[in-house]
Amino acid sequence: MPSSVYLLAIRNGANEWLKLGYAKDIDTRASNYGLPATATIEKVVIVGFDTGNEAHSFKVRLHTKYAVARISNRKARALGMVKTGFAEFYPMDMLLVLNAALTTDQLNH
């Protein structure tokens, strides 16, 4: 079943961060994050894949490549970011790097 790898910019008050993930339905996935009603979500990049396995594999490769830049689970929980998916957050200063990775690395998947 087709799936997508996505990069979201999430803002809530003075806090902002990036979320890199994959899903068949991004809107449904984002609604499950448990974000406060005051949070805004911007879809920055969406890359389509033929199957969920392909999307998942690509996402894992990116997370491995950029693991050192991720926001720690402890910090994510302290900021009250979401209920799940803590290991998939990045600081906003990774926007250009992740955007480039999604738009160029995906050509080699």
# chains A, B, ... in the order shown; residues from 1 in each chain; ligands from 1
>>> residues_around(residues="stretch 32-48 of chain A", least_positions_apart="3", cutoff="10 Å", atoms="only C-alpha atoms", output="PDB file with N, CA and C atoms, in the first residue's frame")
ATOM      1  N   PRO A   2       0.573   2.238  -0.806  1.00  0.00           N
ATOM      2  CA  PRO A   2       1.394   3.455  -0.860  1.00  0.00           C
ATOM      3  C   PRO A   2       1.504   4.142   0.498  1.00  0.00           C
ATOM      4  N   SER A   3       2.685   4.689   0.773  1.00  0.00           N
ATOM      5  CA  SER A   3       2.955   5.425   2.002  1.00  0.00           C
ATOM      6  C   SER A   3       3.874   6.585   1.670  1.00  0.00           C
ATOM      7  N   SER A   4       4.017   7.488   2.612  1.00  0.00           N
ATOM      8  CA  SER A   4       4.872   8.659   2.416  1.00  0.00           C
ATOM      9  C   SER A   4       5.805   8.845   3.591  1.00  0.00           C
ATOM     10  N   VAL A   5       6.976   9.376   3.292  1.00  0.00           N
ATOM     11  CA  VAL A   5       7.872   9.881   4.318  1.00  0.00           C
ATOM     12  C   VAL A   5       7.657  11.385   4.317  1.00  0.00           C
ATOM     13  N   TYR A   6       7.539  11.959   5.512  1.00  0.00           N
ATOM     14  CA  TYR A   6       7.194  13.370   5.582  1.00  0.00           C
ATOM     15  C   TYR A   6       8.079  14.106   6.580  1.00  0.00           C
ATOM     16  N   LEU A   7       8.183  15.398   6.343  1.00  0.00           N
ATOM     17  CA  LEU A   7       8.839  16.302   7.270  1.00  0.00           C
ATOM     18  C   LEU A   7       7.829  17.381   7.617  1.00  0.00           C
ATOM     19  N   LEU A   8       7.515  17.481   8.901  1.00  0.00           N
ATOM     20  CA  LEU A   8       6.563  18.470   9.385  1.00  0.00           C
ATOM     21  C   LEU A   8       7.285  19.506  10.239  1.00  0.00           C
ATOM     22  N   ALA A   9       6.869  20.755  10.116  1.00  0.00           N
ATOM     23  CA  ALA A   9       7.318  21.810  11.019  1.00  0.00           C
ATOM     24  C   ALA A   9       6.180  22.029  12.006  1.00  0.00           C
ATOM     25  N   ILE A  10       6.472  21.837  13.280  1.00  0.00           N
ATOM     26  CA  ILE A  10       5.451  21.956  14.322  1.00  0.00           C
ATOM     27  C   ILE A  10       5.826  23.126  15.221  1.00  0.00           C
ATOM     28  N   ARG A  11       4.834  23.966  15.465  1.00  0.00           N
ATOM     29  CA  ARG A  11       5.050  25.142  16.315  1.00  0.00           C
ATOM     30  C   ARG A  11       3.971  25.188  17.383  1.00  0.00           C
ATOM     31  N   ASN A  12       4.406  25.496  18.596  1.00  0.00           N
ATOM     32  CA  ASN A  12       3.474  25.682  19.704  1.00  0.00           C
ATOM     33  C   ASN A  12       4.063  26.754  20.611  1.00  0.00           C
ATOM     34  N   GLY A  13       3.515  27.940  20.534  1.00  0.00           N
ATOM     35  CA  GLY A  13       4.061  29.054  21.293  1.00  0.00           C
ATOM     36  C   GLY A  13       5.483  29.332  20.846  1.00  0.00           C
ATOM     37  N   ASN A  15       7.953  27.291  21.203  1.00  0.00           N
ATOM     38  CA  ASN A  15       8.605  26.032  20.831  1.00  0.00           C
ATOM     39  C   ASN A  15       8.322  25.684  19.386  1.00  0.00           C
ATOM     40  N   GLU A  16       9.359  25.233  18.696  1.00  0.00           N
ATOM     41  CA  GLU A  16       9.184  24.754  17.332  1.00  0.00           C
ATOM     42  C   GLU A  16      10.182  23.635  17.082  1.00  0.00           C
ATOM     43  N   TRP A  17       9.773  22.678  16.282  1.00  0.00           N
ATOM     44  CA  TRP A  17      10.615  21.536  16.000  1.00  0.00           C
ATOM     45  C   TRP A  17      10.152  20.893  14.706  1.00  0.00           C
ATOM     46  N   LEU A  18      10.951  19.941  14.234  1.00  0.00           N
ATOM     47  CA  LEU A  18      10.656  19.186  13.015  1.00  0.00           C
ATOM     48  C   LEU A  18      10.326  17.754  13.391  1.00  0.00           C
ATOM     49  N   LYS A  19       9.435  17.167  12.652  1.00  0.00           N
ATOM     50  CA  LYS A  19       9.051  15.767  12.858  1.00  0.00           C
ATOM     51  C   LYS A  19       9.252  15.036  11.534  1.00  0.00           C
ATOM     52  N   LEU A  20      10.075  14.016  11.551  1.00  0.00           N
ATOM     53  CA  LEU A  20      10.317  13.183  10.379  1.00  0.00           C
ATOM     54  C   LEU A  20       9.669  11.833  10.630  1.00  0.00           C
ATOM     55  N   GLY A  21       8.779  11.421   9.755  1.00  0.00           N
ATOM     56  CA  GLY A  21       8.094  10.156   9.953  1.00  0.00           C
ATOM     57  C   GLY A  21       7.577   9.578   8.649  1.00  0.00           C
ATOM     58  N   TYR A  22       6.800   8.515   8.772  1.00  0.00           N
ATOM     59  CA  TYR A  22       6.165   7.939   7.588  1.00  0.00           C
ATOM     60  C   TYR A  22       4.769   7.478   7.953  1.00  0.00           C
ATOM     61  N   ALA A  23       3.903   7.475   6.947  1.00  0.00           N
ATOM     62  CA  ALA A  23       2.518   7.071   7.176  1.00  0.00           C
ATOM     63  C   ALA A  23       1.791   6.895   5.856  1.00  0.00           C
ATOM     64  N   LYS A  24       0.694   6.149   5.921  1.00  0.00           N
ATOM     65  CA  LYS A  24      -0.222   6.072   4.775  1.00  0.00           C
ATOM     66  C   LYS A  24      -1.057   7.340   4.708  1.00  0.00           C
ATOM     67  N   ILE A  26      -0.965  11.017   6.458  1.00  0.00           N
ATOM     68  CA  ILE A  26      -0.200  11.935   7.306  1.00  0.00           C
ATOM     69  C   ILE A  26      -1.107  12.696   8.278  1.00  0.00           C
ATOM     70  N   ASP A  27      -2.256  13.133   7.811  1.00  0.00           N
ATOM     71  CA  ASP A  27      -3.152  13.898   8.677  1.00  0.00           C
ATOM     72  C   ASP A  27      -3.620  13.073   9.876  1.00  0.00           C
ATOM     73  N   THR A  28      -3.967  11.818   9.621  1.00  0.00           N
ATOM     74  CA  THR A  28      -4.386  10.945  10.714  1.00  0.00           C
ATOM     75  C   THR A  28      -3.226  10.709  11.671  1.00  0.00           C
ATOM     76  N   ARG A  29      -2.047  10.471  11.120  1.00  0.00           N
ATOM     77  CA  ARG A  29      -0.870  10.248  11.970  1.00  0.00           C
ATOM     78  C   ARG A  29      -0.607  11.468  12.837  1.00  0.00           C
ATOM     79  N   THR A  51       5.249   1.361  -1.312  1.00  0.00           N
ATOM     80  CA  THR A  51       4.845   0.502  -0.190  1.00  0.00           C
ATOM     81  C   THR A  51       5.272   1.115   1.136  1.00  0.00           C
ATOM     82  N   GLY A  52       4.630   0.684   2.186  1.00  0.00           N
ATOM     83  CA  GLY A  52       5.004   1.101   3.526  1.00  0.00           C
ATOM     84  C   GLY A  52       6.395   0.629   3.892  1.00  0.00           C
ATOM     85  N   GLU A  54       8.998   0.286   1.902  1.00  0.00           N
ATOM     86  CA  GLU A  54       9.971   1.187   1.273  1.00  0.00           C
ATOM     87  C   GLU A  54      10.056   2.504   2.038  1.00  0.00           C
ATOM     88  N   ALA A  55       8.908   3.050   2.408  1.00  0.00           N
ATOM     89  CA  ALA A  55       8.876   4.307   3.160  1.00  0.00           C
ATOM     90  C   ALA A  55       9.567   4.140   4.506  1.00  0.00           C
ATOM     91  N   GLY A  80       6.748  18.583  26.284  1.00  0.00           N
ATOM     92  CA  GLY A  80       5.368  18.162  26.086  1.00  0.00           C
ATOM     93  C   GLY A  80       4.999  18.085  24.622  1.00  0.00           C
ATOM     94  N   MET A  81       5.960  17.672  23.802  1.00  0.00           N
ATOM     95  CA  MET A  81       5.751  17.692  22.362  1.00  0.00           C
ATOM     96  C   MET A  81       4.592  16.810  21.929  1.00  0.00           C
ATOM     97  N   VAL A  82       4.692  15.540  22.207  1.00  0.00           N
ATOM     98  CA  VAL A  82       3.672  14.599  21.777  1.00  0.00           C
ATOM     99  C   VAL A  82       3.625  13.410  22.723  1.00  0.00           C
ATOM    100  N   LYS A  83       2.672  12.540  22.477  1.00  0.00           N
ATOM    101  CA  LYS A  83       2.530  11.330  23.287  1.00  0.00           C
ATOM    102  C   LYS A  83       3.440  10.211  22.790  1.00  0.00           C
ATOM    103  N   THR A  84       3.711  10.191  21.475  1.00  0.00           N
ATOM    104  CA  THR A  84       4.486   9.099  20.885  1.00  0.00           C
ATOM    105  C   THR A  84       5.502   9.643  19.894  1.00  0.00           C
ATOM    106  N   GLY A  85       6.395   8.762  19.426  1.00  0.00           N
ATOM    107  CA  GLY A  85       7.331   9.118  18.372  1.00  0.00           C
ATOM    108  C   GLY A  85       8.445  10.054  18.790  1.00  0.00           C
ATOM    109  N   PHE A  86       8.868   9.993  20.046  1.00  0.00           N
ATOM    110  CA  PHE A  86       9.850  10.943  20.557  1.00  0.00           C
ATOM    111  C   PHE A  86      11.168  10.925  19.794  1.00  0.00           C
ATOM    112  N   LEU A  95      16.272  22.053   9.326  1.00  0.00           N
ATOM    113  CA  LEU A  95      15.298  22.145   8.237  1.00  0.00           C
ATOM    114  C   LEU A  95      15.940  21.995   6.861  1.00  0.00           C
ATOM    115  N   LEU A  98      17.480  18.336   6.372  1.00  0.00           N
ATOM    116  CA  LEU A  98      16.471  17.283   6.195  1.00  0.00           C
ATOM    117  C   LEU A  98      15.679  17.482   4.904  1.00  0.00           C
ATOM    118  N   ASN A  99      15.397  18.728   4.567  1.00  0.00           N
ATOM    119  CA  ASN A  99      14.697  19.008   3.320  1.00  0.00           C
ATOM    120  C   ASN A  99      15.522  18.494   2.141  1.00  0.00           C
ATOM    121  N   ALA A 100      16.813  18.798   2.138  1.00  0.00           N
ATOM    122  CA  ALA A 100      17.691  18.333   1.069  1.00  0.00           C
ATOM    123  C   ALA A 100      17.772  16.806   1.042  1.00  0.00           C
ATOM    124  N   LEU A 102      15.550  14.638   2.024  1.00  0.00           N
ATOM    125  CA  LEU A 102      14.299  14.071   1.516  1.00  0.00           C
ATOM    126  C   LEU A 102      14.151  14.280   0.021  1.00  0.00           C
ATOM    127  N   THR A 103      14.601  15.403  -0.483  1.00  0.00           N
ATOM    128  CA  THR A 103      14.392  15.680  -1.902  1.00  0.00           C
ATOM    129  C   THR A 103      15.486  15.117  -2.799  1.00  0.00           C
ATOM    130  N   GLN A 106      16.057  10.526  -1.656  1.00  0.00           N
ATOM    131  CA  GLN A 106      14.963   9.645  -2.075  1.00  0.00           C
ATOM    132  C   GLN A 106      15.128   9.195  -3.523  1.00  0.00           C
ATOM    133  N   LEU A 107      15.885   9.935  -4.313  1.00  0.00           N
ATOM    134  CA  LEU A 107      16.122   9.532  -5.694  1.00  0.00           C
ATOM    135  C   LEU A 107      16.932   8.240  -5.758  1.00  0.00           C
TER     136      LEU A 107
END
>>> select_by_dssp(residues="chain A", states="helix (DSSP H, G or I)", output="MDAnalysis selection string")
chainID A and resid 26:31 52:65 67:69 73:78 86:88 92:108
>>> write_last_selection(atoms="C-alpha atoms", output="tab-separated table (two decimals), in the first residue's frame")
chain	number	residue	atom	x	y	z
A	26	ILE	CA	-0.20	11.93	7.31
A	27	ASP	CA	-3.15	13.90	8.68
A	28	THR	CA	-4.39	10.94	10.71
A	29	ARG	CA	-0.87	10.25	11.97
A	30	ALA	CA	-0.38	13.88	12.99
A	31	SER	CA	-3.69	13.92	14.85
A	52	GLY	CA	5.00	1.10	3.53
A	53	ASN	CA	8.13	-1.07	3.73
A	54	GLU	CA	9.97	1.19	1.27
A	55	ALA	CA	8.88	4.31	3.16
A	56	HIS	CA	9.85	2.82	6.51
A	57	SER	CA	13.28	1.72	5.25
A	58	PHE	CA	13.99	5.17	3.83
A	59	LYS	CA	12.89	6.87	7.05
A	60	VAL	CA	15.10	4.58	9.15
A	61	ARG	CA	18.11	5.36	6.92
A	62	LEU	CA	17.55	9.09	7.42
A	63	HIS	CA	17.13	8.73	11.19
A	64	THR	CA	20.35	6.72	11.35
A	65	LYS	CA	22.22	9.26	9.24
A	67	ALA	CA	20.79	10.53	14.78
A	68	VAL	CA	23.27	12.89	16.40
A	69	ALA	CA	21.04	15.89	15.57
A	73	ASN	CA	13.59	11.81	24.27
A	74	ARG	CA	13.94	13.51	27.64
A	75	LYS	CA	13.86	16.99	26.09
A	76	ALA	CA	10.92	16.05	23.85
A	77	ARG	CA	8.94	14.83	26.85
A	78	ALA	CA	9.91	17.90	28.91
A	86	PHE	CA	9.85	10.94	20.56
A	87	ALA	CA	12.88	9.67	18.64
A	88	GLU	CA	11.79	11.35	15.42
A	92	MET	CA	14.38	23.62	13.48
A	93	ASP	CA	17.96	24.34	12.46
A	94	MET	CA	17.96	20.95	10.69
A	95	LEU	CA	15.30	22.15	8.24
A	96	LEU	CA	17.57	22.70	5.24
A	97	VAL	CA	19.55	19.50	5.85
A	98	LEU	CA	16.47	17.28	6.19
A	99	ASN	CA	14.70	19.01	3.32
A	100	ALA	CA	17.69	18.33	1.07
A	101	ALA	CA	17.95	14.73	2.29
A	102	LEU	CA	14.30	14.07	1.52
A	103	THR	CA	14.39	15.68	-1.90
A	104	THR	CA	17.72	14.23	-3.07
A	105	ASP	CA	18.37	11.00	-1.11
A	106	GLN	CA	14.96	9.64	-2.07
A	107	LEU	CA	16.12	9.53	-5.69
A	108	ASN	CA	18.51	6.77	-4.62
>>> select_by_dssp(residues="chain A", states="strand (DSSP E)", output="JSON, numbers by chain")
{"A": [3, 4, 5, 6, 7, 8, 9, 10, 11, 12, 15, 16, 17, 18, 19, 20, 21, 22, 23, 40, 41, 42, 43, 44, 45, 46, 47, 48, 49, 89, 90, 91]}
